[in-house]
$ cat my_file-v2.pdb   # PDB, C-alpha atoms
MODEL        1
ATOM      1  CA  MET O   1     132.436 110.156  79.521  1.00  0.00           C
ATOM      2  CA  THR O   2     131.376 106.712  80.693  1.00  0.00           C
ATOM      3  CA  THR O   3     128.153 105.251  79.323  1.00  0.00           C
ATOM      4  CA  ILE O   4     125.964 103.560  81.909  1.00  0.00           C
ATOM      5  CA  GLN O   5     125.117 100.036  80.810  1.00  0.00           C
ATOM      6  CA  ARG O   6     121.739  98.705  81.799  1.00  0.00           C
ATOM      7  CA  CYS O   7     119.602  95.786  80.752  1.00  0.00           C
ATOM      8  CA  ALA O   8     118.120  96.661  77.357  1.00  0.00           C
ATOM      9  CA  TRP O   9     114.533  96.539  78.644  1.00  0.00           C
ATOM     10  CA  ALA O  10     115.156  99.625  80.828  1.00  0.00           C
ATOM     11  CA  GLY O  11     115.331 101.677  77.621  1.00  0.00           C
ATOM     12  CA  ASN O  12     115.394 105.464  77.822  1.00  0.00           C
ATOM     13  CA  ASP O  13     112.335 106.034  80.007  1.00  0.00           C
ATOM     14  CA  PRO O  14     113.455 107.637  83.311  1.00  0.00           C
ATOM     15  CA  LEU O  15     110.797 105.723  85.280  1.00  0.00           C
ATOM     16  CA  MET O  16     111.900 102.384  83.826  1.00  0.00           C
ATOM     17  CA  GLN O  17     115.558 103.244  84.388  1.00  0.00           C
ATOM     18  CA  ALA O  18     114.918 104.181  88.028  1.00  0.00           C
ATOM     19  CA  TYR O  19     112.938 100.959  88.540  1.00  0.00           C
ATOM     20  CA  HIS O  20     115.787  98.984  86.969  1.00  0.00           C
ATOM     21  CA  ASP O  21     118.532 100.751  88.907  1.00  0.00           C
ATOM     22  CA  GLU O  22     116.883 100.821  92.327  1.00  0.00           C
ATOM     23  CA  GLU O  23     114.435  97.956  92.591  1.00  0.00           C
ATOM     24  CA  TRP O  24     114.375  95.251  89.898  1.00  0.00           C
ATOM     25  CA  GLY O  25     116.442  92.250  90.892  1.00  0.00           C
ATOM     26  CA  VAL O  26     117.139  93.438  94.442  1.00  0.00           C
ATOM     27  CA  PRO O  27     116.434  90.535  96.813  1.00  0.00           C
ATOM     28  CA  GLN O  28     113.186  91.432  98.588  1.00  0.00           C
ATOM     29  CA  HIS O  29     112.391  89.897 101.973  1.00  0.00           C
ATOM     30  CA  ASP O  30     109.454  92.001 103.086  1.00  0.00           C
ATOM     31  CA  SER O  31     106.428  89.689 102.949  1.00  0.00           C
ATOM     32  CA  ARG O  32     103.976  92.471 102.186  1.00  0.00           C
ATOM     33  CA  MET O  33     106.139  93.828  99.367  1.00  0.00           C
ATOM     34  CA  LEU O  34     106.627  90.339  97.894  1.00  0.00           C
ATOM     35  CA  TRP O  35     102.846  89.958  97.845  1.00  0.00           C
ATOM     36  CA  GLU O  36     102.304  93.439  96.389  1.00  0.00           C
ATOM     37  CA  MET O  37     104.729  92.709  93.563  1.00  0.00           C
ATOM     38  CA  LEU O  38     103.072  89.355  92.834  1.00  0.00           C
ATOM     39  CA  MET O  39      99.686  91.089  92.615  1.00  0.00           C
ATOM     40  CA  LEU O  40     101.066  93.854  90.365  1.00  0.00           C
ATOM     41  CA  GLU O  41     102.664  91.264  88.074  1.00  0.00           C
ATOM     42  CA  GLY O  42      99.202  89.719  87.773  1.00  0.00           C
ATOM     43  CA  PHE O  43      97.764  93.079  86.733  1.00  0.00           C
ATOM     44  CA  GLN O  44     100.545  93.377  84.166  1.00  0.00           C
ATOM     45  CA  ALA O  45      99.463  90.181  82.379  1.00  0.00           C
ATOM     46  CA  GLY O  46      98.925  91.040  78.729  1.00  0.00           C
ATOM     47  CA  LEU O  47     100.290  94.566  79.157  1.00  0.00           C
ATOM     48  CA  ALA O  48     103.670  96.287  79.286  1.00  0.00           C
ATOM     49  CA  TRP O  49     105.266  96.683  82.730  1.00  0.00           C
ATOM     50  CA  ILE O  50     105.569 100.457  82.170  1.00  0.00           C
ATOM     51  CA  THR O  51     101.748 100.584  82.250  1.00  0.00           C
ATOM     52  CA  VAL O  52     101.730  99.143  85.774  1.00  0.00           C
ATOM     53  CA  LEU O  53     104.720 101.189  86.847  1.00  0.00           C
ATOM     54  CA  LYS O  54     103.035 104.439  85.814  1.00  0.00           C
ATOM     55  CA  LYS O  55      99.916 103.420  87.750  1.00  0.00           C
ATOM     56  CA  ARG O  56     101.665 101.955  90.791  1.00  0.00           C
ATOM     57  CA  GLU O  57     100.935 104.839  93.158  1.00  0.00           C
ATOM     58  CA  ALA O  58      97.282 104.857  92.092  1.00  0.00           C
ATOM     59  CA  PHE O  59      97.192 101.085  92.699  1.00  0.00           C
ATOM     60  CA  ARG O  60      98.679 101.574  96.164  1.00  0.00           C
ATOM     61  CA  LYS O  61      96.087 104.204  97.019  1.00  0.00           C
ATOM     62  CA  ALA O  62      93.209 102.165  95.573  1.00  0.00           C
ATOM     63  CA  PHE O  63      94.302  98.962  97.341  1.00  0.00           C
ATOM     64  CA  ALA O  64      94.872 100.470 100.817  1.00  0.00           C
ATOM     65  CA  GLY O  65      98.654 100.475 100.476  1.00  0.00           C
ATOM     66  CA  PHE O  66      98.512  96.791  99.564  1.00  0.00           C
ATOM     67  CA  GLU O  67      97.976  95.962 103.228  1.00  0.00           C
ATOM     68  CA  PRO O  68      96.714  92.364 102.945  1.00  0.00           C
ATOM     69  CA  LYS O  69      94.497  92.567 106.053  1.00  0.00           C
ATOM     70  CA  LYS O  70      92.676  95.587 104.623  1.00  0.00           C
ATOM     71  CA  VAL O  71      92.428  94.254 101.073  1.00  0.00           C
ATOM     72  CA  ALA O  72      91.171  90.881 102.353  1.00  0.00           C
ATOM     73  CA  ARG O  73      88.066  92.663 103.693  1.00  0.00           C
ATOM     74  CA  PHE O  74      87.183  94.317 100.365  1.00  0.00           C
ATOM     75  CA  GLY O  75      83.676  93.505  99.203  1.00  0.00           C
ATOM     76  CA  GLU O  76      81.428  94.206  96.250  1.00  0.00           C
ATOM     77  CA  ALA O  77      81.283  97.966  96.923  1.00  0.00           C
ATOM     78  CA  ASP O  78      85.095  98.063  96.845  1.00  0.00           C
ATOM     79  CA  ILE O  79      85.168  96.098  93.598  1.00  0.00           C
ATOM     80  CA  GLU O  80      82.736  98.593  92.042  1.00  0.00           C
ATOM     81  CA  ARG O  81      84.860 101.490  93.365  1.00  0.00           C
ATOM     82  CA  LEU O  82      87.972  99.935  91.830  1.00  0.00           C
ATOM     83  CA  MET O  83      86.221  99.221  88.545  1.00  0.00           C
ATOM     84  CA  ALA O  84      85.387 102.947  88.335  1.00  0.00           C
ATOM     85  CA  ASN O  85      88.949 104.077  89.123  1.00  0.00           C
ATOM     86  CA  PRO O  86      90.672 105.288  85.930  1.00  0.00           C
ATOM     87  CA  GLY O  87      94.034 105.343  87.731  1.00  0.00           C
ATOM     88  CA  ILE O  88      94.330 101.560  87.812  1.00  0.00           C
ATOM     89  CA  ILE O  89      93.897  98.659  85.399  1.00  0.00           C
ATOM     90  CA  ARG O  90      90.177  97.971  85.634  1.00  0.00           C
ATOM     91  CA  ALA O  91      89.958  94.251  85.090  1.00  0.00           C
ATOM     92  CA  ARG O  92      87.382  92.695  87.394  1.00  0.00           C
ATOM     93  CA  ALA O  93      89.026  89.253  87.394  1.00  0.00           C
ATOM     94  CA  LYS O  94      92.384  90.779  88.379  1.00  0.00           C
ATOM     95  CA  ILE O  95      90.783  92.914  91.093  1.00  0.00           C
ATOM     96  CA  GLU O  96      88.976  89.867  92.497  1.00  0.00           C
ATOM     97  CA  ALA O  97      92.202  87.842  92.280  1.00  0.00           C
ATOM     98  CA  THR O  98      94.006  90.506  94.326  1.00  0.00           C
ATOM     99  CA  ILE O  99      91.334  90.427  97.022  1.00  0.00           C
ATOM    100  CA  ARG O 100      91.470  86.632  97.113  1.00  0.00           C
ATOM    101  CA  GLY O 101      95.274  86.809  97.132  1.00  0.00           C
ATOM    102  CA  ALA O 102      95.094  89.031 100.227  1.00  0.00           C
ATOM    103  CA  GLN O 103      92.807  86.516 101.920  1.00  0.00           C
ATOM    104  CA  ILE O 104      95.225  83.683 101.127  1.00  0.00           C
ATOM    105  CA  TYR O 105      98.159  85.771 102.404  1.00  0.00           C
ATOM    106  CA  CYS O 106      96.263  86.336 105.675  1.00  0.00           C
ATOM    107  CA  GLU O 107      95.373  82.636 105.942  1.00  0.00           C
ATOM    108  CA  MET O 108      99.051  81.764 105.560  1.00  0.00           C
ATOM    109  CA  GLU O 109      99.990  84.316 108.203  1.00  0.00           C
ATOM    110  CA  ARG O 110      97.355  82.991 110.634  1.00  0.00           C
ATOM    111  CA  ALA O 111      98.760  79.484 110.095  1.00  0.00           C
ATOM    112  CA  GLY O 112     102.209  80.800 111.080  1.00  0.00           C
ATOM    113  CA  GLU O 113     103.611  80.792 107.536  1.00  0.00           C
ATOM    114  CA  SER O 114     105.537  83.877 106.496  1.00  0.00           C
ATOM    115  CA  PHE O 115     105.028  84.845 102.858  1.00  0.00           C
ATOM    116  CA  ASP O 116     108.733  85.715 102.719  1.00  0.00           C
ATOM    117  CA  ASP O 117     109.719  82.246 103.951  1.00  0.00           C
ATOM    118  CA  PHE O 118     107.291  80.667 101.478  1.00  0.00           C
ATOM    119  CA  CYS O 119     108.623  82.653  98.520  1.00  0.00           C
ATOM    120  CA  TRP O 120     112.275  81.984  99.252  1.00  0.00           C
ATOM    121  CA  SER O 121     111.769  78.332 100.271  1.00  0.00           C
ATOM    122  CA  PHE O 122     111.950  77.280  96.626  1.00  0.00           C
ATOM    123  CA  THR O 123     115.597  78.373  96.375  1.00  0.00           C
ATOM    124  CA  GLY O 124     116.696  77.650  99.925  1.00  0.00           C
ATOM    125  CA  GLY O 125     116.868  81.400 100.517  1.00  0.00           C
ATOM    126  CA  LYS O 126     119.484  81.855  97.803  1.00  0.00           C
ATOM    127  CA  VAL O 127     119.406  84.095  94.727  1.00  0.00           C
ATOM    128  CA  ILE O 128     119.600  82.207  91.438  1.00  0.00           C
ATOM    129  CA  LYS O 129     122.116  83.984  89.229  1.00  0.00           C
ATOM    130  CA  SER O 130     121.720  83.480  85.510  1.00  0.00           C
ATOM    131  CA  ASP O 131     124.610  83.674  83.077  1.00  0.00           C
ATOM    132  CA  GLY O 132     123.506  87.160  81.985  1.00  0.00           C
ATOM    133  CA  GLY O 133     122.624  85.976  78.509  1.00  0.00           C
ATOM    134  CA  LYS O 134     119.279  85.040  76.986  1.00  0.00           C
ATOM    135  CA  VAL O 135     116.438  85.364  79.479  1.00  0.00           C
ATOM    136  CA  PRO O 136     113.706  82.715  79.412  1.00  0.00           C
ATOM    137  CA  ALA O 137     109.992  83.523  79.686  1.00  0.00           C
ATOM    138  CA  SER O 138     109.595  80.807  82.310  1.00  0.00           C
ATOM    139  CA  THR O 139     111.607  78.027  83.904  1.00  0.00           C
ATOM    140  CA  PRO O 140     110.892  74.694  85.579  1.00  0.00           C
ATOM    141  CA  LEU O 141     111.189  76.521  88.929  1.00  0.00           C
ATOM    142  CA  SER O 142     108.650  79.188  87.939  1.00  0.00           C
ATOM    143  CA  GLU O 143     106.353  76.342  86.866  1.00  0.00           C
ATOM    144  CA  THR O 144     106.759  74.689  90.286  1.00  0.00           C
ATOM    145  CA  ILE O 145     106.069  77.942  92.157  1.00  0.00           C
ATOM    146  CA  SER O 146     103.122  78.683  89.862  1.00  0.00           C
ATOM    147  CA  LYS O 147     101.587  75.276  90.584  1.00  0.00           C
ATOM    148  CA  GLU O 148     101.965  75.782  94.338  1.00  0.00           C
ATOM    149  CA  LEU O 149     100.481  79.301  94.214  1.00  0.00           C
ATOM    150  CA  LYS O 150      97.552  77.993  92.147  1.00  0.00           C
ATOM    151  CA  ARG O 151      97.089  75.068  94.540  1.00  0.00           C
ATOM    152  CA  ARG O 152      96.724  77.606  97.346  1.00  0.00           C
ATOM    153  CA  GLY O 153      94.120  79.519  95.322  1.00  0.00           C
ATOM    154  CA  PHE O 154      96.089  82.404  93.823  1.00  0.00           C
ATOM    155  CA  LYS O 155      95.071  83.544  90.327  1.00  0.00           C
ATOM    156  CA  PHE O 156      97.083  85.234  87.551  1.00  0.00           C
ATOM    157  CA  VAL O 157     100.178  83.331  88.658  1.00  0.00           C
ATOM    158  CA  GLY O 158     101.109  81.364  85.561  1.00  0.00           C
ATOM    159  CA  PRO O 159     104.764  80.363  85.037  1.00  0.00           C
ATOM    160  CA  THR O 160     105.560  83.450  82.920  1.00  0.00           C
ATOM    161  CA  ILE O 161     104.047  85.886  85.432  1.00  0.00           C
ATOM    162  CA  VAL O 162     105.793  84.062  88.271  1.00  0.00           C
ATOM    163  CA  TYR O 163     109.135  84.219  86.471  1.00  0.00           C
ATOM    164  CA  ALA O 164     108.767  87.974  85.887  1.00  0.00           C
ATOM    165  CA  TRP O 165     107.943  88.331  89.593  1.00  0.00           C
ATOM    166  CA  MET O 166     110.983  86.200  90.571  1.00  0.00           C
ATOM    167  CA  GLN O 167     113.163  88.586  88.552  1.00  0.00           C
ATOM    168  CA  ALA O 168     111.527  91.682  90.003  1.00  0.00           C
ATOM    169  CA  VAL O 169     111.941  90.619  93.650  1.00  0.00           C
ATOM    170  CA  GLY O 170     115.477  89.322  93.190  1.00  0.00           C
ATOM    171  CA  ILE O 171     114.857  85.607  93.582  1.00  0.00           C
ATOM    172  CA  VAL O 172     116.516  85.456  90.168  1.00  0.00           C
ATOM    173  CA  ASN O 173     119.320  87.779  89.047  1.00  0.00           C
ATOM    174  CA  ASP O 174     118.758  88.143  85.318  1.00  0.00           C
ATOM    175  CA  HIS O 175     120.631  91.402  84.815  1.00  0.00           C
ATOM    176  CA  SER O 176     122.512  91.231  81.534  1.00  0.00           C
ATOM    177  CA  ALA O 177     126.241  90.471  81.549  1.00  0.00           C
ATOM    178  CA  GLY O 178     127.325  94.097  81.045  1.00  0.00           C
ATOM    179  CA  CYS O 179     124.676  95.681  83.276  1.00  0.00           C
ATOM    180  CA  LEU O 180     125.729  97.970  86.128  1.00  0.00           C
ATOM    181  CA  ARG O 181     123.371  95.998  88.463  1.00  0.00           C
ATOM    182  CA  ARG O 182     124.686  92.541  87.530  1.00  0.00           C
ATOM    183  CA  HIS O 183     126.990  92.235  90.538  1.00  0.00           C
TER     184      HIS O 183
ENDMDL
END
$ encode --input "my_file-v2.pdb" --output "structure tokens"
Amino acid sequence: MTTIQRCAWAGNDPLMQAYHDEEWGVPQHDSRMLWEMLMLEGFQAGLAWITVLKKREAFRKAFAGFEPKKVARFGEADIERLMANPGIIRARAKIEATIRGAQIYCEMERAGESFDDFCWSFTGGKVIKSDGGKVPASTPLSETISKELKRRGFKFVGPTIVYAWMQAVGIVNDHSAGCLRRH
């Protein structure tokens, strides 16, 4: 019997394993999904990713499928509705940051800038492949992307959050050396 080798963080939780095996580290080029993942990484700040993963469907329902044009129009009544929703992480600053993030996404789109092109411009469209060893919390590149996101008005996009997002959407391949998803 062959033992499946995964990155250690996937652990034994079936939800985490499925996320690892099917999604984490796969190069993502859908602008809306790149934005959704950036917003979810912001909600994860200070919490374990499994918390967000378990609530992801509730987040999608609460945030109109993470359709930026819809979320950008959310107002105070929507914020109150979200603050009362036990299915999501009820942090007002993170909810407001997501609404503002949707507005920024839409502003970029109106200016003719694809979020996908923006996200991948920092690596020339190429995946950065680590050596499969020790994984940093942030890198000079995540610091650069963080600064640019903050300059544009995004919140909850510090270098550590941005690096976790880069890993999740496949801008960085940080699968461990022996992991089935490494190659």
$ residues_around --input "my_file-v2.pdb" --residues "region 96-100 of chain O" --least-positions-apart "2" --cutoff "8 Å" --atoms "all atoms listed in the file" --output "PyMOL selection string"
chain O and resi 39+71-74+79+92-94+102-104+153-156
$ axis_aligned_box --input "my_file-v2.pdb" --around "region 97-110 of chain O" --padding-each-side "4 Å" --output "lines of an AutoDock Vina configuration file"
center_x = 95.7
center_y = 86.1
center_z = 101.5
size_x = 16.7
size_y = 16.7
size_z = 26.4
$ residues_around --input "my_file-v2.pdb" --residues "Arg152 (chain O)" --least-positions-apart "5" --cutoff "10 Å" --atoms "only C-alpha atoms" --output "PyMOL selection string"
chain O and resi 101+104-105+108+146-147
$ residues_around --input "my_file-v2.pdb" --residues "region 118-127 of chain O" --least-positions-apart "5" --cutoff "7 Å" --atoms "all atoms listed in the file" --output "list of chain:residue names"
O:Gly170, O:Ile171, O:Val172, O:Asn173
$ closest_residue --input "my_file-v2.pdb" --among "O:Ser130, O:Ser31, O:Ser176, O:Arg6" --to "Glu67 (chain O)" --atoms "all atoms listed in the file"
O:Ser31
$ atom_distance --input "my_file-v2.pdb" --atom1 "CA of Phe43 (chain O)" --atom2 "CA of Ile89 (chain O)"
6.9 Å
$ closest_residue --input "my_file-v2.pdb" --among "O:Glu80, O:Lys61, O:Ile161, O:Ile50" --to "Ala10 (chain O)" --atoms "all atoms listed in the file"
O:Ile50
$ resolve_selection --input "my_file-v2.pdb" --expression "the PyMOL selection byres ((chain O and resi 21) around 10)" --output "list in words"
Arg6, Cys7, Ala10, Leu15, Met16, Gln17, Ala18, Tyr19, His20, Glu22, Glu23, Trp24, Gly25, Val26, Cys179, Leu180 and Arg181 of chain O
$ residues_around --input "my_file-v2.pdb" --residues "Ala164 (chain O)" --least-positions-apart "5" --cutoff "12 Å" --atoms "all atoms listed in the file" --output "list in words"
Trp24, Gly25, Met37, Leu38, Met39, Leu40, Glu41, Gly42, Gln44, Ala45, Ala48, Trp49, Val135, Pro136, Ala137, Ser138, Thr139, Ser142, Glu143, Ser146, Val157, Gly158, Pro159, Val169, Gly170, Ile171, Val172, Asn173 and Asp174 of chain O
$ atom_distance --input "my_file-v2.pdb" --atom1 "CA of Ala58 (chain O)" --atom2 "CA of Arg90 (chain O)"
11.8 Å
$ closest_residue --input "my_file-v2.pdb" --among "O:Arg182, O:Leu47, O:Ala177, O:Ile88" --to "Ala62 (chain O)" --atoms "all atoms listed in the file"
O:Ile88
$ atom_distance --input "my_file-v2.pdb" --atom1 "CA of Phe115 (chain O)" --atom2 "CA of Lys129 (chain O)"
21.9 Å
$ closest_residue --input "my_file-v2.pdb" --among "O:Gly87, O:Gly178, O:Ala77, O:Arg32" --to "Glu57 (chain O)" --atoms "all atoms listed in the file"
O:Gly87
